[in-house]
Each structure stands twice: as C-alpha cells, then as structure tokens.
file coords21.pdb (PDB, C-alpha atoms and all ligand atoms)
ATOM      1  CA  MET L  42       0.000   0.000   0.000
ATOM      2  CA  CYS L  43       2.734   2.376   1.114
ATOM      3  CA  ARG L  44       4.912   1.521  -1.883
ATOM      4  CA  SER L  45       2.060   2.138  -4.291
ATOM      5  CA  TYR L  46       1.485   5.639  -2.813
ATOM      6  CA  THR L  47       5.199   6.407  -3.189
ATOM      7  CA  VAL L  48       5.144   5.359  -6.834
ATOM      8  CA  VAL L  49       2.030   7.465  -7.560
ATOM      9  CA  TRP L  50       3.459  10.498  -5.752
ATOM     10  CA  SER L  51       6.835  10.418  -7.473
ATOM     11  CA  PHE L  52       5.351   9.950 -10.958
ATOM     12  CA  GLN L  53       2.835  12.754 -10.386
ATOM     13  CA  ARG L  54       5.673  15.113  -9.468
ATOM     14  CA  LEU L  55       7.431  14.241 -12.716
ATOM     15  CA  GLY L  56       4.202  14.827 -14.669
ATOM     16  CA  ARG L  57       4.331  11.340 -16.082
ATOM     17  CA  ILE L  58       2.034   8.340 -16.295
ATOM     18  CA  ILE L  59       0.967   6.993 -12.946
ATOM     19  CA  LEU L  60       2.033   3.394 -12.496
ATOM     20  CA  GLU L  61       0.402   1.115  -9.996
ATOM     21  CA  PRO L  62       2.198  -2.212 -10.231
ATOM     22  CA  LYS L  63       0.483  -5.343  -8.984
ATOM     23  CA  ILE L  64       1.705  -6.141  -5.498
ATOM     24  CA  HIS L  65       1.865  -9.712  -4.257
ATOM     25  CA  SER L  66       2.021 -10.400  -0.558
ATOM     26  CA  GLY L  67       1.295 -13.414   1.587
ATOM     27  CA  SER L  68      -1.764 -13.558   3.816
ATOM     28  CA  LEU L  69      -1.718 -14.530   7.468
ATOM     29  CA  LYS L  70      -4.163 -17.398   7.036
ATOM     30  CA  ALA L  71      -2.846 -20.801   8.046
ATOM     31  CA  ASP L  72      -5.933 -22.895   7.356
ATOM     32  CA  GLY L  73      -5.288 -25.542   4.717
ATOM     33  CA  LEU L  74      -1.501 -25.331   5.198
ATOM     34  CA  ARG L  75       0.696 -27.959   6.871
ATOM     35  CA  PHE L  76       3.668 -27.151   9.083
ATOM     36  CA  ALA L  77       6.577 -29.058  10.591
ATOM     37  CA  ILE L  78       8.395 -27.711  13.617
ATOM     38  CA  VAL L  79      11.935 -29.025  14.129
ATOM     39  CA  GLU L  80      13.028 -28.503  17.733
ATOM     40  CA  SER L  81      16.548 -28.740  19.126
ATOM     41  CA  ARG L  82      16.733 -30.520  22.513
ATOM     42  CA  TRP L  83      19.816 -28.509  23.535
ATOM     43  CA  ASN L  84      18.602 -25.856  26.044
ATOM     44  CA  GLU L  85      15.323 -27.760  26.101
ATOM     45  CA  LEU L  86      13.711 -25.655  28.819
ATOM     46  CA  LEU L  87      13.828 -22.771  26.348
ATOM     47  CA  THR L  88      13.341 -24.559  23.024
ATOM     48  CA  THR L  89      10.043 -26.040  24.227
ATOM     49  CA  LYS L  90       8.893 -22.451  24.829
ATOM     50  CA  LEU L  91       9.802 -21.622  21.233
ATOM     51  CA  THR L  92       7.773 -24.573  19.981
ATOM     52  CA  ALA L  93       4.857 -23.517  22.173
ATOM     53  CA  GLY L  94       5.124 -20.001  20.719
ATOM     54  CA  ALA L  95       5.125 -21.366  17.172
ATOM     55  CA  VAL L  96       2.083 -23.570  17.852
ATOM     56  CA  ASP L  97       0.316 -20.600  19.473
ATOM     57  CA  ALA L  98       0.907 -18.424  16.384
ATOM     58  CA  LEU L  99      -0.263 -21.165  13.997
ATOM     59  CA  SER L 100      -3.338 -21.807  16.098
ATOM     60  CA  ARG L 101      -4.244 -18.087  16.136
ATOM     61  CA  LEU L 102      -3.867 -18.010  12.354
ATOM     62  CA  GLY L 103      -6.247 -20.915  11.822
ATOM     63  CA  SER L 104      -4.173 -24.116  11.904
ATOM     64  CA  ARG L 105      -5.747 -27.364  13.049
ATOM     65  CA  ASN L 106      -3.992 -29.817  15.374
ATOM     66  CA  GLU L 107      -3.551 -32.419  12.623
ATOM     67  CA  ASP L 108      -1.744 -29.909  10.387
ATOM     68  CA  ILE L 109       1.237 -29.469  12.726
ATOM     69  CA  GLU L 110       3.948 -32.057  13.481
ATOM     70  CA  VAL L 111       6.967 -31.634  15.774
ATOM     71  CA  PHE L 112      10.322 -33.342  15.169
ATOM     72  CA  LYS L 113      13.048 -33.320  17.845
ATOM     73  CA  VAL L 114      16.781 -33.234  17.074
ATOM     74  CA  PRO L 115      19.764 -33.310  19.478
ATOM     75  CA  GLY L 116      21.086 -29.773  18.857
ATOM     76  CA  SER L 117      20.833 -26.766  16.566
ATOM     77  CA  PHE L 118      23.631 -28.175  14.404
ATOM     78  CA  GLU L 119      21.296 -31.026  13.400
ATOM     79  CA  LEU L 120      18.363 -28.764  12.480
ATOM     80  CA  PRO L 121      19.287 -28.233   8.774
ATOM     81  CA  LEU L 122      19.574 -31.891   7.796
ATOM     82  CA  ALA L 123      16.346 -32.851   9.553
ATOM     83  CA  ALA L 124      14.596 -29.825   8.019
ATOM     84  CA  LYS L 125      15.824 -30.765   4.542
ATOM     85  CA  ARG L 126      14.617 -34.378   4.854
ATOM     86  CA  ILE L 127      11.259 -33.225   6.190
ATOM     87  CA  ALA L 128      10.887 -30.652   3.390
ATOM     88  CA  GLU L 129      11.747 -33.315   0.787
ATOM     89  CA  THR L 130       8.742 -35.414   1.832
ATOM     90  CA  GLY L 131       6.534 -32.796   0.169
ATOM     91  CA  ARG L 132       4.065 -33.087   3.045
ATOM     92  CA  PHE L 133       4.608 -29.615   4.489
ATOM     93  CA  ASP L 134       4.101 -26.043   3.260
ATOM     94  CA  ALA L 135       6.849 -24.798   5.591
ATOM     95  CA  VAL L 136       9.346 -26.127   8.114
ATOM     96  CA  ILE L 137      10.018 -24.061  11.237
ATOM     97  CA  CYS L 138      13.364 -24.660  12.971
ATOM     98  CA  VAL L 139      13.693 -23.695  16.634
ATOM     99  CA  GLY L 140      16.827 -23.738  18.767
ATOM    100  CA  VAL L 141      18.823 -21.767  21.327
ATOM    101  CA  VAL L 142      22.558 -21.107  21.127
ATOM    102  CA  ILE L 143      24.128 -19.050  23.910
ATOM    103  CA  ARG L 144      27.506 -17.429  23.289
ATOM    104  CA  GLY L 145      28.622 -17.369  26.935
ATOM    105  CA  GLU L 146      27.903 -21.103  27.282
ATOM    106  CA  THR L 147      29.275 -22.293  23.939
ATOM    107  CA  PRO L 148      32.973 -22.069  23.048
ATOM    108  CA  HIS L 149      32.099 -23.122  19.483
ATOM    109  CA  PHE L 150      29.120 -20.717  19.293
ATOM    110  CA  GLU L 151      30.111 -19.385  15.865
ATOM    111  CA  TYR L 152      30.246 -22.882  14.345
ATOM    112  CA  VAL L 153      26.965 -24.091  15.789
ATOM    113  CA  ALA L 154      24.998 -20.889  15.102
ATOM    114  CA  GLY L 155      26.679 -20.138  11.769
ATOM    115  CA  GLU L 156      26.318 -23.629  10.344
ATOM    116  CA  ALA L 157      22.722 -23.851  11.530
ATOM    117  CA  ALA L 158      21.954 -20.566   9.743
ATOM    118  CA  SER L 159      23.645 -21.432   6.472
ATOM    119  CA  GLY L 160      22.301 -24.998   6.555
ATOM    120  CA  ILE L 161      18.762 -23.728   6.995
ATOM    121  CA  THR L 162      19.198 -21.435   3.993
ATOM    122  CA  GLN L 163      20.497 -24.353   1.917
ATOM    123  CA  ALA L 164      17.645 -26.596   3.033
ATOM    124  CA  ALA L 165      15.108 -24.035   1.828
ATOM    125  CA  LEU L 166      16.855 -23.293  -1.470
ATOM    126  CA  SER L 167      17.501 -26.922  -2.339
ATOM    127  CA  THR L 168      13.940 -28.072  -1.647
ATOM    128  CA  ASN L 169      11.923 -24.972  -2.609
ATOM    129  CA  VAL L 170      10.103 -25.306   0.706
ATOM    130  CA  PRO L 171      10.318 -22.396   3.150
ATOM    131  CA  VAL L 172      12.539 -23.320   6.099
ATOM    132  CA  LEU L 173      12.277 -20.742   8.850
ATOM    133  CA  PHE L 174      15.019 -19.577  11.191
ATOM    134  CA  GLY L 175      13.570 -19.680  14.706
ATOM    135  CA  ILE L 176      16.914 -19.970  16.465
ATOM    136  CA  VAL L 177      17.704 -17.658  19.357
ATOM    137  CA  THR L 178      21.363 -16.645  19.328
ATOM    138  CA  ALA L 179      22.119 -14.759  22.521
ATOM    139  CA  ASP L 180      25.087 -13.572  24.545
ATOM    140  CA  THR L 181      23.640 -14.633  27.897
ATOM    141  CA  VAL L 182      21.059 -17.008  29.352
ATOM    142  CA  GLU L 183      18.988 -14.002  30.423
ATOM    143  CA  GLN L 184      18.907 -12.610  26.891
ATOM    144  CA  ALA L 185      17.956 -16.030  25.553
ATOM    145  CA  MET L 186      15.147 -16.366  28.087
ATOM    146  CA  ASN L 187      13.755 -12.988  27.082
ATOM    147  CA  ARG L 188      13.580 -14.030  23.432
ATOM    148  CA  CYS L 189      11.837 -17.297  24.239
ATOM    149  CA  GLY L 190       8.727 -15.670  25.637
ATOM    150  CA  ILE L 191       9.752 -15.493  29.285
ATOM    151  CA  LYS L 192       9.568 -11.693  29.245
ATOM    152  CA  SER L 193       8.173 -10.554  25.906
ATOM    153  CA  GLY L 194       8.683 -11.699  22.349
ATOM    154  CA  ASN L 195       9.059 -15.292  21.279
ATOM    155  CA  LYS L 196      11.247 -16.180  18.287
ATOM    156  CA  GLY L 197       9.222 -19.335  17.659
ATOM    157  CA  PHE L 198       6.026 -17.281  17.425
ATOM    158  CA  GLU L 199       7.706 -14.839  14.999
ATOM    159  CA  ALA L 200       9.113 -17.634  12.828
ATOM    160  CA  ALA L 201       5.676 -19.274  12.605
ATOM    161  CA  MET L 202       4.056 -15.989  11.534
ATOM    162  CA  SER L 203       6.694 -15.651   8.810
ATOM    163  CA  ALA L 204       6.152 -19.290   7.806
ATOM    164  CA  VAL L 205       2.463 -18.662   7.145
ATOM    165  CA  GLU L 206       3.180 -15.467   5.205
ATOM    166  CA  ILE L 207       5.909 -16.917   2.987
ATOM    167  CA  ALA L 208       3.995 -20.170   2.368
ATOM    168  CA  SER L 209       0.994 -18.116   1.296
ATOM    169  CA  LEU L 210       3.111 -15.911  -0.985
ATOM    170  CA  LEU L 211       4.834 -18.876  -2.631
ATOM    171  CA  GLY L 212       1.387 -20.361  -3.269
ATOM    172  CA  GLN L 213       0.530 -17.233  -5.282
ATOM    173  CA  ILE L 214       3.616 -17.387  -7.490
ATOM    174  CA  VAL L 215       2.519 -19.337 -10.507
ATOM    175  CA  GLU L 216       4.368 -19.797 -13.750
ATOM    176  CA  GLU L 217       2.140 -17.856 -16.092
ATOM    177  CA  GLY L 218       2.895 -16.134 -19.355
ATOM    178  CA  GLY L 219       6.680 -16.328 -19.155
ATOM    179  CA  THR L 220       9.042 -13.471 -19.965
ATOM    180  CA  ALA L 221       8.940 -11.282 -23.082
ATOM    181  CA  ALA L 222      12.172 -12.915 -24.266
ATOM    182  CA  GLY L 223      10.649 -16.355 -23.781
ATOM    183  CA  ARG L 224       7.450 -15.414 -25.648
ATOM    184  CA  ALA L 225       9.442 -13.959 -28.559
ATOM    185  CA  GLY L 226      11.687 -17.018 -28.796
TER
HETATM  186  N1  LIG R   1      23.479 -26.917  20.387
HETATM  187  C1  LIG R   1      22.549 -25.946  20.586
HETATM  188  O1  LIG R   1      21.474 -26.005  19.989
HETATM  189  N2  LIG R   1      22.798 -24.932  21.436
HETATM  190  C2  LIG R   1      23.965 -24.841  22.120
HETATM  191  O2  LIG R   1      24.106 -23.851  22.886
HETATM  192  C3  LIG R   1      24.952 -25.841  21.942
HETATM  193  N3  LIG R   1      26.187 -25.796  22.684
HETATM  194  O3  LIG R   1      26.270 -25.038  23.658
HETATM  195  O4  LIG R   1      27.128 -26.498  22.348
HETATM  196  C4  LIG R   1      24.690 -26.892  21.036
HETATM  197  N4  LIG R   1      25.588 -27.856  20.820
HETATM  198  C5  LIG R   1      25.269 -29.119  20.235
HETATM  199  C6  LIG R   1      25.324 -29.104  18.724
HETATM  200  O5  LIG R   1      24.200 -28.411  18.206
HETATM  201  C7  LIG R   1      25.292 -30.512  18.148
HETATM  202  O6  LIG R   1      24.139 -31.170  18.592
HETATM  203  C8  LIG R   1      26.501 -31.345  18.566
HETATM  204  O7  LIG R   1      27.698 -30.643  18.268
HETATM  205  C9  LIG R   1      26.524 -32.674  17.793
HETATM  206  O8  LIG R   1      26.627 -32.452  16.399
END
call {"tool": "encode", "arguments": {"input": "coords21.pdb", "output": "structure tokens"}}
result
Amino acid sequence: MCRSYTVVWSFQRLGRIILEPKIHSGSLKADGLRFAIVESRWNELLTTKLTAGAVDALSRLGSRNEDIEVFKVPGSFELPLAAKRIAETGRFDAVICVGVVIRGETPHFEYVAGEAASGITQAALSTNVPVLFGIVTADTVEQAMNRCGIKSGNKGFEAAMSAVEIASLLGQIVEEGGTAAGRAG
C-alpha cells in the first residue's frame, strides 16, 4: 500500500504516467496449510517455549492440530539436515526450525549458530520449501530467556508468523505467461 502511494506520488511530481504495479504479498491465514516444527533438545527448557510459541501463532492463524507435526533433534547443528529431509517429503508447506545457542555457554558458538543458519538457507533453497530460522542466538542465558517468551517476544512465534506469510506468498507465485524474451523465442 505504502509503496504504491510512493510510486504514484513520485510519478505525479514528474508529470508522467501513474504506475500502480500489482503487489503480491502473503496472507496470514494458516488454514489448509501444513507445518513441521523441528526442535533442538539442547537448552530444552527454552526450546520447548519456542515450539509452544510457534504452535500458538499457527493456532491463532487458523491451523488445526492435525496440520502441525513436531520433530526433535539433538542440537541446533542437526536442524538443517532434519529440516531438509522433512521438506523433501513434500508433506509440508513450511518447516520451522527452533533452537537456542548461547555465546557465553558455547565455546564453538560461531560454528553451531553459523552452520545452523547457512544450513537452513540451503535446506530451503535446495527443496523450494520455506525453512524458517527460529533460532535464538544470545550472549547470555537471560537474553535467551527474554527471546523465548519469558519476558516478551518469542522467536518461535515470529518464525511461525513468517512461515504462514511466505507459504501463502509462494502459493501465489505461478508460472504464467513467461518473460517477453521467452514469448518472442
Ligand atoms: N546446540 C545448541 O542447539 N545450542 C547450544 O548452545 C549448543 N552448545 O552449547 O554447544 C549446542 N551444541 C550441540 C550441537 O548443536 C550438536 O548437537 C553437537 O555438536 C553434535 O553435532
């Protein structure tokens, strides 16, 4: 909406044709979509809160119990492979990964958090299924607790909201018409 106003305003100032390009955006409706949540057992007291936050978001957006499945892995390092295998089944519209990595408690923080992040990206790109990053990376236990819904904000909830939006958007992207170059050729 905002972008469209900006386009109209700037073209009016230039005295040129007003363009209003079609804007595609995902809806926040989860009904009819299926979700997997992959949960790391490391820092389990917190990761279960992330899963609960994700389920809460999906439920508020219209998911049914039978449309959500939870898979548990040992640590955040194992999230990408499990997510990839789950995405490859073709049974889910999005896979939500949740984990907690705390810098002060993890000498190899950079490896665990970094590999989890890049592995999640690869899992999404190689399967064409959205794989969401619901991993809390924090400097201290207190910071981590705050981001898991103990105070305010829950990274699992946020990741689930994004999962619904991106799954809905991808559902709208259909191969139609092709490019001008393709049509000419
Ligand atoms: N995994 C986490 O998810 N969080 C951590 O903080 C963590 N620490 O502290 O080491 C962690 N390690 C385990 C790792 O994810 C793997 O499970 C393990 O290295 C086996 O591959």
call {"tool": "atom_distance", "arguments": {"input": "coords21.pdb", "atom1": "atom O1 of ligand LIG 1 (chain R)", "atom2": "atom CA of L:Leu69"}}
result
28.7 Å
call {"tool": "residues_around", "arguments": {"input": "coords21.pdb", "residues": "L:Thr178", "least_positions_apart": "5", "cutoff": "10 Å", "atoms": "all atoms listed in the file", "output": "list of chain:residue names"}}
result
L:Gly140, L:Val141, L:Val142, L:Ile143, L:Arg144, L:Phe150, L:Glu151, L:Val153, L:Ala154, L:Gly155, L:Gln184, L:Ala185, L:Arg188
call {"tool": "write_last_selection", "arguments": {"input": "coords21.pdb", "atoms": "C-alpha atoms", "output": "mmCIF file, in the frame of the given file"}}
result
data_model
loop_
_atom_site.group_PDB
_atom_site.id
_atom_site.type_symbol
_atom_site.label_atom_id
_atom_site.label_comp_id
_atom_site.auth_asym_id
_atom_site.auth_seq_id
_atom_site.Cartn_x
_atom_site.Cartn_y
_atom_site.Cartn_z
ATOM 1 C CA GLY L 140 16.827 -23.738 18.767
ATOM 2 C CA VAL L 141 18.823 -21.767 21.327
ATOM 3 C CA VAL L 142 22.558 -21.107 21.127
ATOM 4 C CA ILE L 143 24.128 -19.050 23.910
ATOM 5 C CA ARG L 144 27.506 -17.429 23.289
ATOM 6 C CA PHE L 150 29.120 -20.717 19.293
ATOM 7 C CA GLU L 151 30.111 -19.385 15.865
ATOM 8 C CA VAL L 153 26.965 -24.091 15.789
ATOM 9 C CA ALA L 154 24.998 -20.889 15.102
ATOM 10 C CA GLY L 155 26.679 -20.138 11.769
ATOM 11 C CA GLN L 184 18.907 -12.610 26.891
ATOM 12 C CA ALA L 185 17.956 -16.030 25.553
ATOM 13 C CA ARG L 188 13.580 -14.030 23.432
#
call {"tool": "residues_near_ligand", "arguments": {"input": "coords21.pdb", "ligand": "ligand LIG 1 (chain R)", "cutoff": "12 Å", "atoms": "only C-alpha atoms and all ligand atoms", "output": "MDAnalysis selection string"}}
result
chainID L and resid 79:88 113:122 138:158 175:182 185
call {"tool": "write_last_selection", "arguments": {"input": "coords21.pdb", "atoms": "C-alpha atoms", "output": "PDB file, keeping the file's coordinate frame"}}
result
ATOM      1  CA  VAL L  79      11.935 -29.025  14.129  1.00  0.00           C
ATOM      2  CA  GLU L  80      13.028 -28.503  17.733  1.00  0.00           C
ATOM      3  CA  SER L  81      16.548 -28.740  19.126  1.00  0.00           C
ATOM      4  CA  ARG L  82      16.733 -30.520  22.513  1.00  0.00           C
ATOM      5  CA  TRP L  83      19.816 -28.509  23.535  1.00  0.00           C
ATOM      6  CA  ASN L  84      18.602 -25.856  26.044  1.00  0.00           C
ATOM      7  CA  GLU L  85      15.323 -27.760  26.101  1.00  0.00           C
ATOM      8  CA  LEU L  86      13.711 -25.655  28.819  1.00  0.00           C
ATOM      9  CA  LEU L  87      13.828 -22.771  26.348  1.00  0.00           C
ATOM     10  CA  THR L  88      13.341 -24.559  23.024  1.00  0.00           C
ATOM     11  CA  LYS L 113      13.048 -33.320  17.845  1.00  0.00           C
ATOM     12  CA  VAL L 114      16.781 -33.234  17.074  1.00  0.00           C
ATOM     13  CA  PRO L 115      19.764 -33.310  19.478  1.00  0.00           C
ATOM     14  CA  GLY L 116      21.086 -29.773  18.857  1.00  0.00           C
ATOM     15  CA  SER L 117      20.833 -26.766  16.566  1.00  0.00           C
ATOM     16  CA  PHE L 118      23.631 -28.175  14.404  1.00  0.00           C
ATOM     17  CA  GLU L 119      21.296 -31.026  13.400  1.00  0.00           C
ATOM     18  CA  LEU L 120      18.363 -28.764  12.480  1.00  0.00           C
ATOM     19  CA  PRO L 121      19.287 -28.233   8.774  1.00  0.00           C
ATOM     20  CA  LEU L 122      19.574 -31.891   7.796  1.00  0.00           C
ATOM     21  CA  CYS L 138      13.364 -24.660  12.971  1.00  0.00           C
ATOM     22  CA  VAL L 139      13.693 -23.695  16.634  1.00  0.00           C
ATOM     23  CA  GLY L 140      16.827 -23.738  18.767  1.00  0.00           C
ATOM     24  CA  VAL L 141      18.823 -21.767  21.327  1.00  0.00           C
ATOM     25  CA  VAL L 142      22.558 -21.107  21.127  1.00  0.00           C
ATOM     26  CA  ILE L 143      24.128 -19.050  23.910  1.00  0.00           C
ATOM     27  CA  ARG L 144      27.506 -17.429  23.289  1.00  0.00           C
ATOM     28  CA  GLY L 145      28.622 -17.369  26.935  1.00  0.00           C
ATOM     29  CA  GLU L 146      27.903 -21.103  27.282  1.00  0.00           C
ATOM     30  CA  THR L 147      29.275 -22.293  23.939  1.00  0.00           C
ATOM     31  CA  PRO L 148      32.973 -22.069  23.048  1.00  0.00           C
ATOM     32  CA  HIS L 149      32.099 -23.122  19.483  1.00  0.00           C
ATOM     33  CA  PHE L 150      29.120 -20.717  19.293  1.00  0.00           C
ATOM     34  CA  GLU L 151      30.111 -19.385  15.865  1.00  0.00           C
ATOM     35  CA  TYR L 152      30.246 -22.882  14.345  1.00  0.00           C
ATOM     36  CA  VAL L 153      26.965 -24.091  15.789  1.00  0.00           C
ATOM     37  CA  ALA L 154      24.998 -20.889  15.102  1.00  0.00           C
ATOM     38  CA  GLY L 155      26.679 -20.138  11.769  1.00  0.00           C
ATOM     39  CA  GLU L 156      26.318 -23.629  10.344  1.00  0.00           C
ATOM     40  CA  ALA L 157      22.722 -23.851  11.530  1.00  0.00           C
ATOM     41  CA  ALA L 158      21.954 -20.566   9.743  1.00  0.00           C
ATOM     42  CA  GLY L 175      13.570 -19.680  14.706  1.00  0.00           C
ATOM     43  CA  ILE L 176      16.914 -19.970  16.465  1.00  0.00           C
ATOM     44  CA  VAL L 177      17.704 -17.658  19.357  1.00  0.00           C
ATOM     45  CA  THR L 178      21.363 -16.645  19.328  1.00  0.00           C
ATOM     46  CA  ALA L 179      22.119 -14.759  22.521  1.00  0.00           C
ATOM     47  CA  ASP L 180      25.087 -13.572  24.545  1.00  0.00           C
ATOM     48  CA  THR L 181      23.640 -14.633  27.897  1.00  0.00           C
ATOM     49  CA  VAL L 182      21.059 -17.008  29.352  1.00  0.00           C
ATOM     50  CA  ALA L 185      17.956 -16.030  25.553  1.00  0.00           C
TER      51      ALA L 185
END
call {"tool": "atom_distance", "arguments": {"input": "coords21.pdb", "atom1": "atom CA of L:Gly197", "atom2": "atom CA of L:His65"}}
result
25.0 Å
call {"tool": "atom_distance", "arguments": {"input": "coords21.pdb", "atom1": "atom CA of L:Asn106", "atom2": "atom CA of L:Arg132"}}
result
15.1 Å
call {"tool": "residues_near_point", "arguments": {"input": "coords21.pdb", "point": "(3.5, -21.8, 19.8)", "cutoff": "12 Å", "atoms": "all atoms listed in the file", "output": "JSON, numbers by chain"}}
result
{"L": [76, 78, 80, 88, 89, 90, 91, 92, 93, 94, 95, 96, 97, 98, 99, 100, 101, 102, 104, 106, 109, 111, 137, 139, 175, 189, 190, 194, 195, 196, 197, 198, 199, 200, 201, 202]}
call {"tool": "write_last_selection", "arguments": {"input": "coords21.pdb", "atoms": "C-alpha atoms", "output": "PDB file, in the coordinates of the input"}}
result
ATOM      1  CA  PHE L  76       3.668 -27.151   9.083  1.00  0.00           C
ATOM      2  CA  ILE L  78       8.395 -27.711  13.617  1.00  0.00           C
ATOM      3  CA  GLU L  80      13.028 -28.503  17.733  1.00  0.00           C
ATOM      4  CA  THR L  88      13.341 -24.559  23.024  1.00  0.00           C
ATOM      5  CA  THR L  89      10.043 -26.040  24.227  1.00  0.00           C
ATOM      6  CA  LYS L  90       8.893 -22.451  24.829  1.00  0.00           C
ATOM      7  CA  LEU L  91       9.802 -21.622  21.233  1.00  0.00           C
ATOM      8  CA  THR L  92       7.773 -24.573  19.981  1.00  0.00           C
ATOM      9  CA  ALA L  93       4.857 -23.517  22.173  1.00  0.00           C
ATOM     10  CA  GLY L  94       5.124 -20.001  20.719  1.00  0.00           C
ATOM     11  CA  ALA L  95       5.125 -21.366  17.172  1.00  0.00           C
ATOM     12  CA  VAL L  96       2.083 -23.570  17.852  1.00  0.00           C
ATOM     13  CA  ASP L  97       0.316 -20.600  19.473  1.00  0.00           C
ATOM     14  CA  ALA L  98       0.907 -18.424  16.384  1.00  0.00           C
ATOM     15  CA  LEU L  99      -0.263 -21.165  13.997  1.00  0.00           C
ATOM     16  CA  SER L 100      -3.338 -21.807  16.098  1.00  0.00           C
ATOM     17  CA  ARG L 101      -4.244 -18.087  16.136  1.00  0.00           C
ATOM     18  CA  LEU L 102      -3.867 -18.010  12.354  1.00  0.00           C
ATOM     19  CA  SER L 104      -4.173 -24.116  11.904  1.00  0.00           C
ATOM     20  CA  ASN L 106      -3.992 -29.817  15.374  1.00  0.00           C
ATOM     21  CA  ILE L 109       1.237 -29.469  12.726  1.00  0.00           C
ATOM     22  CA  VAL L 111       6.967 -31.634  15.774  1.00  0.00           C
ATOM     23  CA  ILE L 137      10.018 -24.061  11.237  1.00  0.00           C
ATOM     24  CA  VAL L 139      13.693 -23.695  16.634  1.00  0.00           C
ATOM     25  CA  GLY L 175      13.570 -19.680  14.706  1.00  0.00           C
ATOM     26  CA  CYS L 189      11.837 -17.297  24.239  1.00  0.00           C
ATOM     27  CA  GLY L 190       8.727 -15.670  25.637  1.00  0.00           C
ATOM     28  CA  GLY L 194       8.683 -11.699  22.349  1.00  0.00           C
ATOM     29  CA  ASN L 195       9.059 -15.292  21.279  1.00  0.00           C
ATOM     30  CA  LYS L 196      11.247 -16.180  18.287  1.00  0.00           C
ATOM     31  CA  GLY L 197       9.222 -19.335  17.659  1.00  0.00           C
ATOM     32  CA  PHE L 198       6.026 -17.281  17.425  1.00  0.00           C
ATOM     33  CA  GLU L 199       7.706 -14.839  14.999  1.00  0.00           C
ATOM     34  CA  ALA L 200       9.113 -17.634  12.828  1.00  0.00           C
ATOM     35  CA  ALA L 201       5.676 -19.274  12.605  1.00  0.00           C
ATOM     36  CA  MET L 202       4.056 -15.989  11.534  1.00  0.00           C
TER      37      MET L 202
END
call {"tool": "closest_residue", "arguments": {"input": "coords21.pdb", "among": "L:Val205, L:Ala165, L:Met186, L:Ile58", "to": "L:Ala71", "atoms": "all atoms listed in the file"}}
result
L:Val205
call {"tool": "closest_residue", "arguments": {"input": "coords21.pdb", "among": "L:Val172, L:Ala128, L:Ile64, L:Ala221", "to": "L:Ala204", "atoms": "only C-alpha atoms"}}
result
L:Val172
call {"tool": "closest_residue", "arguments": {"input": "coords21.pdb", "among": "L:Ser209, L:Phe133, L:Ser167, L:Ala123", "to": "L:Glu110", "atoms": "only C-alpha atoms"}}
result
L:Phe133
call {"tool": "closest_residue", "arguments": {"input": "coords21.pdb", "among": "L:Leu166, L:Ala77, L:Ile161, L:Ala225", "to": "L:Val136", "atoms": "all atoms listed in the file"}}
result
L:Ala77
